[in-house]
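Q: File name final-v4.txt; file contents compact mmCIF, C-alpha atoms; full text below.
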```
# COMPACT_ATOMS: atom_id res chain seq x y z
CA MET F 1 116.22 68.05 43.04
CA TYR F 2 116.32 71.83 43.19
CA PHE F 3 115.96 74.85 40.92
CA ARG F 4 118.34 77.74 40.73
CA GLU F 5 116.96 81.25 41.22
CA ASP F 6 117.46 82.11 37.54
CA ASP F 7 115.54 78.93 36.56
CA CYS F 8 112.60 80.02 38.72
CA GLN F 9 112.64 83.51 37.26
CA SER F 10 112.67 82.05 33.75
CA SER F 11 109.77 79.75 34.60
CA VAL F 12 107.75 82.62 36.05
CA GLN F 13 108.47 84.76 32.98
CA GLU F 14 107.36 82.02 30.58
CA THR F 15 104.18 81.45 32.58
CA GLY F 16 103.44 85.16 32.54
CA GLU F 17 103.98 85.33 28.81
CA GLY F 18 101.67 82.35 28.29
CA GLU F 19 98.93 83.97 30.34
CA ALA F 20 99.36 87.20 28.41
CA GLU F 21 98.96 85.37 25.12
CA GLU F 22 95.76 83.72 26.36
CA GLN F 23 94.38 87.10 27.42
CA GLU F 24 95.12 88.76 24.08
CA GLU F 25 92.02 89.68 22.13
CA LEU F 26 91.13 87.57 19.12
CA THR F 27 91.91 89.40 15.87
CA GLN F 28 90.96 86.75 13.32
CA PRO F 29 88.12 84.19 13.32
CA LYS F 30 88.99 80.71 14.51
CA ILE F 31 86.55 79.40 11.92
CA LYS F 32 86.66 79.74 8.12
CA LEU F 33 83.82 82.12 7.21
CA ALA F 34 82.31 82.78 3.77
CA MET F 35 79.36 84.50 2.09
CA TRP F 36 77.39 84.48 -1.14
CA ASP F 37 76.37 88.10 -1.76
CA PHE F 38 73.64 88.84 -4.32
CA GLY F 39 73.90 92.62 -4.16
CA GLN F 40 70.33 93.17 -3.02
CA CYS F 41 71.24 95.30 -0.01
CA ASP F 42 72.70 98.78 0.38
CA ALA F 43 76.44 98.06 0.10
CA LYS F 44 77.28 100.59 2.81
CA LYS F 45 74.85 98.98 5.27
CA CYS F 46 75.64 95.36 4.36
CA THR F 47 77.29 93.76 7.38
CA GLY F 48 78.62 90.87 5.33
CA ARG F 49 80.44 93.13 2.92
CA LYS F 50 81.98 95.05 5.82
CA LEU F 51 83.28 91.80 7.29
CA SER F 52 84.70 90.96 3.88
CA ARG F 53 86.44 94.31 3.64
CA LEU F 54 87.90 93.70 7.08
CA GLY F 55 89.27 90.38 5.86
CA LEU F 56 87.12 88.35 8.26
CA LEU F 57 85.27 86.32 5.64
CA LYS F 58 85.58 85.28 2.00
CA GLU F 59 83.08 86.26 -0.68
CA LEU F 60 81.94 83.40 -2.92
CA ARG F 61 80.67 83.41 -6.50
CA VAL F 62 77.51 81.54 -7.41
CA SER F 63 79.67 78.91 -9.10
CA ASN F 64 81.67 78.30 -5.91
CA GLY F 65 80.67 75.38 -3.73
CA PHE F 66 81.08 75.28 0.03
CA GLY F 67 81.75 72.14 2.03
CA GLY F 68 80.85 73.44 5.47
CA ILE F 69 77.63 74.52 7.16
CA VAL F 70 75.60 77.10 5.21
CA LEU F 71 72.92 79.24 6.85
CA SER F 72 70.14 79.19 4.27
CA PRO F 73 66.31 79.31 4.10
CA VAL F 74 66.39 75.98 2.23
CA GLY F 75 67.76 74.15 5.27
CA LYS F 76 65.65 71.44 6.87
CA HIS F 77 67.30 71.42 10.31
CA CYS F 78 68.52 74.08 12.72
CA VAL F 79 72.23 74.57 13.25
CA SER F 80 73.32 72.94 16.52
CA ARG F 81 76.25 71.51 18.46
CA GLU F 82 76.25 68.40 16.29
CA ASP F 83 77.36 70.61 13.36
CA TYR F 84 80.40 71.90 15.22
CA SER F 85 82.88 69.32 13.94
CA LEU F 86 81.99 70.13 10.32
CA ILE F 87 82.21 73.86 11.02
CA GLN F 88 85.68 73.37 12.50
CA LYS F 89 86.83 71.38 9.47
CA LYS F 90 85.08 73.15 6.59
CA GLY F 91 83.75 76.43 7.96
CA LEU F 92 80.51 78.41 8.13
CA ALA F 93 78.86 80.40 5.33
CA VAL F 94 75.84 82.66 4.95
CA VAL F 95 73.67 83.74 2.03
CA ASP F 96 73.42 87.54 1.95
CA CYS F 97 70.20 88.75 0.36
CA SER F 98 67.23 91.01 1.04
CA TRP F 99 64.42 89.55 3.12
CA ALA F 100 62.03 91.25 0.69
CA ARG F 101 63.57 89.51 -2.34
CA LEU F 102 64.09 85.90 -1.26
CA ASP F 103 62.26 84.65 -4.35
CA ASP F 104 64.93 86.24 -6.56
CA VAL F 105 67.76 84.24 -5.01
CA PRO F 106 68.75 80.99 -6.80
CA PHE F 107 69.24 78.95 -3.63
CA VAL F 108 69.05 75.68 -5.60
CA ARG F 109 72.13 76.70 -7.57
CA LEU F 110 74.28 77.18 -4.49
CA ARG F 111 76.32 74.03 -4.01
CA CYS F 112 76.28 73.27 -0.30
CA ALA F 113 76.04 69.87 1.32
CA ALA F 114 74.79 71.05 4.72
CA PRO F 115 72.26 73.92 4.63
CA ARG F 116 70.97 74.90 8.06
CA LEU F 117 68.30 77.15 9.53
CA LEU F 118 68.65 79.40 12.55
CA PRO F 119 66.15 79.14 15.42
CA TRP F 120 64.00 82.05 16.56
CA LEU F 121 66.04 85.14 17.42
CA VAL F 122 65.44 88.89 17.36
CA ALA F 123 67.34 91.27 15.09
CA ALA F 124 69.31 94.14 16.61
CA ASN F 125 70.59 95.68 13.39
CA PRO F 126 69.29 99.21 12.63
CA VAL F 127 67.32 98.10 9.55
CA ASN F 128 65.24 95.38 11.23
CA TYR F 129 65.67 96.15 14.92
CA GLY F 130 63.27 94.19 17.11
CA ARG F 131 61.91 92.06 14.28
CA PRO F 132 62.02 88.28 14.80
CA CYS F 133 64.26 86.23 12.52
CA GLN F 134 65.24 89.05 10.14
CA LEU F 135 68.92 88.93 11.04
CA SER F 136 71.79 90.55 9.20
CA CYS F 137 74.77 88.51 8.01
CA VAL F 138 76.89 89.30 11.05
CA GLU F 139 74.02 88.45 13.40
CA ALA F 140 73.35 85.15 11.63
CA LEU F 141 77.00 84.11 11.68
CA SER F 142 77.45 85.19 15.29
CA ALA F 143 74.30 83.35 16.37
CA ALA F 144 75.40 80.10 14.71
CA LEU F 145 78.90 80.41 16.18
CA THR F 146 77.51 81.03 19.67
CA ILE F 147 75.12 78.09 19.41
CA CYS F 148 78.02 75.83 18.42
CA GLY F 149 80.30 77.08 21.19
CA GLU F 150 82.48 79.58 19.28
CA GLU F 151 81.40 82.60 21.31
CA GLU F 152 84.81 84.27 21.10
CA THR F 153 84.66 84.44 17.31
CA ALA F 154 81.03 85.58 17.50
CA ASN F 155 82.01 88.50 19.75
CA LEU F 156 84.87 89.38 17.40
CA LEU F 157 82.41 89.79 14.52
CA LEU F 158 79.78 91.71 16.51
CA GLY F 159 82.48 93.97 17.91
CA LYS F 160 82.98 95.47 14.45
CA PHE F 161 79.57 97.16 14.69
CA LYS F 162 78.63 99.77 17.27
CA TRP F 163 75.22 98.12 17.75
CA GLY F 164 76.67 94.58 17.86
CA HIS F 165 76.45 94.24 21.64
CA ALA F 166 72.69 94.84 21.40
CA PHE F 167 72.25 91.54 19.57
CA MET F 168 73.67 89.64 22.54
CA SER F 169 71.67 91.79 24.96
CA LEU F 170 68.41 90.93 23.18
CA ASN F 171 69.19 87.25 22.65
CA GLY F 172 71.76 86.33 25.28
CA GLU F 173 69.54 84.15 27.45
CA LEU F 174 68.01 82.34 24.50
CA LEU F 175 71.37 81.79 22.78
CA LYS F 176 72.73 80.33 26.00
CA ALA F 177 69.82 77.89 26.08
CA TYR F 178 70.33 76.98 22.42
CA SER F 179 74.05 76.40 23.00
CA LYS F 180 73.25 73.71 25.56
CA CYS F 181 71.28 71.71 22.98
CA GLN F 182 73.01 68.79 21.29
CA ASN F 183 70.92 68.59 18.13
CA SER F 184 68.27 70.32 16.02
CA ALA F 185 65.34 68.60 17.76
CA GLU F 186 66.42 69.96 21.13
CA ILE F 187 66.87 73.42 19.62
CA ILE F 188 63.28 73.39 18.33
CA SER F 189 62.03 72.22 21.71
CA VAL F 190 63.76 75.11 23.48
CA GLN F 191 62.52 77.55 20.85
CA ASN F 192 58.90 76.47 21.21
CA ALA F 193 59.09 76.57 24.99
CA TRP F 194 60.46 80.10 24.82
CA LEU F 195 57.79 81.29 22.38
CA SER F 196 55.08 79.89 24.63
CA GLN F 197 56.18 82.40 27.27
CA GLU F 198 54.87 85.55 25.60
CA SER F 199 56.26 87.83 28.30
CA GLN F 200 59.79 87.02 27.14
CA ILE F 201 59.21 88.08 23.55
CA PRO F 202 60.53 91.63 22.95
CA ARG F 203 58.02 94.14 21.67
CA ALA F 204 58.34 95.40 18.10
CA PRO F 205 59.98 98.85 17.84
CA THR F 206 57.91 101.93 17.08
CA ASP F 207 58.38 103.75 13.78
CA SER F 208 60.18 106.59 15.55
CA GLU F 209 62.62 104.17 17.21
CA VAL F 210 63.40 102.55 13.85
CA ALA F 211 63.89 105.96 12.25
CA THR F 212 66.31 106.99 15.01
CA LEU F 213 68.35 103.80 14.64
CA GLU F 214 68.53 104.14 10.86
CA SER F 215 69.57 107.79 11.18
CA GLU F 216 72.38 106.88 13.60
CA ASP F 217 73.47 104.04 11.30
CA ASN F 218 73.57 106.37 8.29
CA ILE F 219 75.82 108.77 10.19
CA HIS F 220 78.09 105.88 11.20
CA ASN F 221 78.25 104.49 7.66
CA SER F 222 78.92 107.89 6.11
CA SER F 223 82.44 107.71 7.57
CA ASP F 224 83.18 104.25 6.17
CA SER F 225 85.39 105.70 3.45
CA GLU F 226 87.57 107.24 6.15
CA ASP F 227 87.78 104.27 8.49
CA GLY F 228 90.81 102.69 6.89
CA LEU F 229 88.86 100.01 5.06
CA PRO F 230 89.50 99.34 1.37
CA PRO F 231 86.88 100.75 -1.05
CA LEU F 232 83.82 98.71 -1.96
CA GLU F 233 84.44 96.42 -4.91
CA ARG F 234 82.01 95.45 -7.66
CA ASN F 235 79.82 92.53 -6.58
CA MET F 236 80.46 89.66 -9.02
CA ASN F 237 77.08 88.04 -8.27
CA HIS F 238 75.00 91.21 -8.64
CA LEU F 239 72.63 91.00 -11.60
CA ASN F 240 74.74 88.31 -13.26
CA ILE F 241 72.24 85.61 -12.36
CA VAL F 242 70.10 86.25 -15.45
CA ASN F 243 73.13 86.23 -17.73
CA SER F 244 74.44 82.97 -16.29
CA ASP F 245 70.99 81.42 -16.68
CA GLU F 246 70.95 82.34 -20.36
CA GLU F 247 74.41 80.86 -20.83
CA SER F 248 73.39 77.61 -19.14
CA GLU F 249 70.40 77.31 -21.50
```
Show this structure as structure tokens.

A:
Amino acid sequence: MYFREDDCQSSVQETGEGEAEEQEELTQPKIKLAMWDFGQCDAKKCTGRKLSRLGLLKELRVSNGFGGIVLSPVGKHCVSREDYSLIQKKGLAVVDCSWARLDDVPFVRLRCAAPRLLPWLVAANPVNYGRPCQLSCVEALSAALTICGEEETANLLLGKFKWGHAFMSLNGELLKAYSKCQNSAEIISVQNAWLSQESQIPRAPTDSEVATLESEDNIHNSSDSEDGLPPLERNMNHLNIVNSDEESE
């Protein structure tokens, strides 16, 4: 059996095209992403709303249920590899709210079958830089995706923010360790072992460092209206919680 020269050239061309396709950068998430937004944050600084405007996630109303994994403070277990199959089938969602106003969020009214917590990580966003566990929406989603093995989608999301790479720089080693865990119990074990090594815990930023980061972020966000994104839309969940409560009574 032999191949003609033109057959070989065709085969080489197809192989080259296949490799080129594999090397192309990801432009859309491989996972269905969603968010409940309660309008408690500055809309121009809200990472979740920016992802929504970029078409990378879907915004949900309070009345909408979600069948996938939901990152929420009401979770009893940490997100882990064992959640990956559900994330692939149904997706991953986050609850966007202010850390200072958690008590105002009606978590019990959000219909989700699989709420999950995130393990200990350090924020890199300009608002809470260096503070443990106070992650923004994009950081939370990216962390969960990385832990479950979807690092490519995680990098796609973080790449939309100029400080995004800092999140992986601060947490890369720990996220790698979490991603090797098969369940929530192993995640907690790794977390506790890490926290017992105080030298590995990043120091909290000084007030001047926080002010500098926020100033740079304000400059970056001031050009949002000129970055080709659609304008901010009215948040359907913002301040409608009280009204919906009165209607349900």

Q: Counting only C-alpha atoms, which of F:Ala113, F:Leu157, F:Ala123, F:Val94 gets nearest to Ser169 of chain F?

A: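 Closest to Ser169 of chain F of all the choices is F:Ala123.
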
Q: Skip segment 116-118 of chain F itself and residues of its chain fewer than 2 positions away, then list as a PyMOL selection string all residues within 7 Å of it, counting all atoms listed in the file.

A: chain F and resi 69-73+75-79+114+120

Q: Can you write just those residues out, C-alpha atoms, as a tab-separated table (two decimals), in the frame of the given file?

A:
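Result went into selection.tsv, see below:
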```tsv
chain	number	residue	atom	x	y	z
F	69	ILE	CA	77.63	74.52	7.16
F	70	VAL	CA	75.60	77.10	5.21
F	71	LEU	CA	72.92	79.24	6.85
F	72	SER	CA	70.14	79.19	4.27
F	73	PRO	CA	66.31	79.31	4.10
F	75	GLY	CA	67.76	74.15	5.27
F	76	LYS	CA	65.65	71.44	6.87
F	77	HIS	CA	67.30	71.42	10.31
F	78	CYS	CA	68.52	74.08	12.72
F	79	VAL	CA	72.23	74.57	13.25
F	114	ALA	CA	74.79	71.05	4.72
F	120	TRP	CA	64.00	82.05	16.56
```

Q: Determine, counting all atoms listed in the file, which protein, DNA and RNA residues have an atom within 7 Å of an atom of Leu33 of chain F; residues of the same chain fewer than 5 positions away are not included. Present the result as an mmCIF file with C-alpha atoms, keeping the file's coordinate frame.

A:
```cif
data_model
loop_
_atom_site.group_PDB
_atom_site.id
_atom_site.type_symbol
_atom_site.label_atom_id
_atom_site.label_comp_id
_atom_site.auth_asym_id
_atom_site.auth_seq_id
_atom_site.Cartn_x
_atom_site.Cartn_y
_atom_site.Cartn_z
ATOM 1 C CA LEU F 57 85.270 86.320 5.640
ATOM 2 C CA LYS F 58 85.580 85.280 2.000
ATOM 3 C CA GLY F 91 83.750 76.430 7.960
ATOM 4 C CA LEU F 92 80.510 78.410 8.130
ATOM 5 C CA ALA F 93 78.860 80.400 5.330
#
```

Q: Interatomic distance between atom CA of Glu59 of chain F and atom CA of Cys133 of chain F?

A: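 The value is 23.0 Å.
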
Q: Which residue, F:Cys112, F:Val95, F:Ala185, F:Ala193, has the smallest gap to Val138 of chain F when you use all atoms listed in the file?

A: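 Checking each of F:Cys112, F:Val95, F:Ala185, F:Ala193 against Val138 of chain F, counting all atoms listed in the file, the winner is F:Val95.
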
Q: Distance atom CA of Thr153 of chain F-atom CA of Pro29 of chain F, one decimal place?

A: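 Between atom CA of Thr153 of chain F and atom CA of Pro29 of chain F the gap works out to 5.3 Å.
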
Q: Mind giving me the straight-line distance from atom CA of Leu158 of chain F to atom CA of Leu195 of chain F in Å, one decimal?

A: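 Taking atom CA of Leu158 of chain F as the start and atom CA of Leu195 of chain F as the end point, the length is 25.0 Å.
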
Q: F:Lys30, F:Lys89, F:Lys180, F:Lys45: which is nearest Asn128 of chain F, counting all atoms listed in the file?

A: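 Looking only at the distances to Asn128 of chain F, the closest residue turns out to be F:Lys45.
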
Q: For a cut-off of 10 Å around (81.6, 86.8, 19.4), file coordinates, pick out all residues using only C-alpha atoms and list them as a VMD selection string.

A: chain F and resid 26 29 138 to 139 141 to 143 145 to 146 149 to 159 164 to 165 168

Q: So, with all atoms listed in the file as the atoms that count, which of F:Gly130, F:Pro115, F:Gly48, F:Gly55 lies closest to Val74 of chain F?

A: F:Pro115

Q: For Ser184 of chain F, which residue out of F:Thr47, F:Asn171, F:Ser80, F:Gln28 is the nearest one, using all atoms listed in the file?

A: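 Nearest candidate to Ser184 of chain F out of F:Thr47, F:Asn171, F:Ser80, F:Gln28: F:Ser80.
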
Q: How big is the axis-aligned box around the listed atoms of segment 80-95 of chain F once 4 Å is added on each side, and where is its centre? Give both in Å to one decimal, as AutoDock Vina command-line options.

A:
```
--center_x 80.1 --center_y 76.1 --center_z 10.2 --size_x 21.5 --size_y 23.3 --size_z 24.4
```

Q: Pick from F:Ile187, F:Ala144, F:Cys137, F:Val62: nearest to Ile31 of chain F, with only C-alpha atoms counted?

A: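 Using only C-alpha atoms, the shortest distance to Ile31 of chain F belongs to F:Ala144.
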
Q: In the coordinates of the file, take the point (82.3, 75.3, -1.8) and a cut-off of 9 Å; then, counting all atoms listed in the file, name each qualifying protein, DNA or RNA residue as number ranges by chain.

A: F: 60, 63-68, 110-113
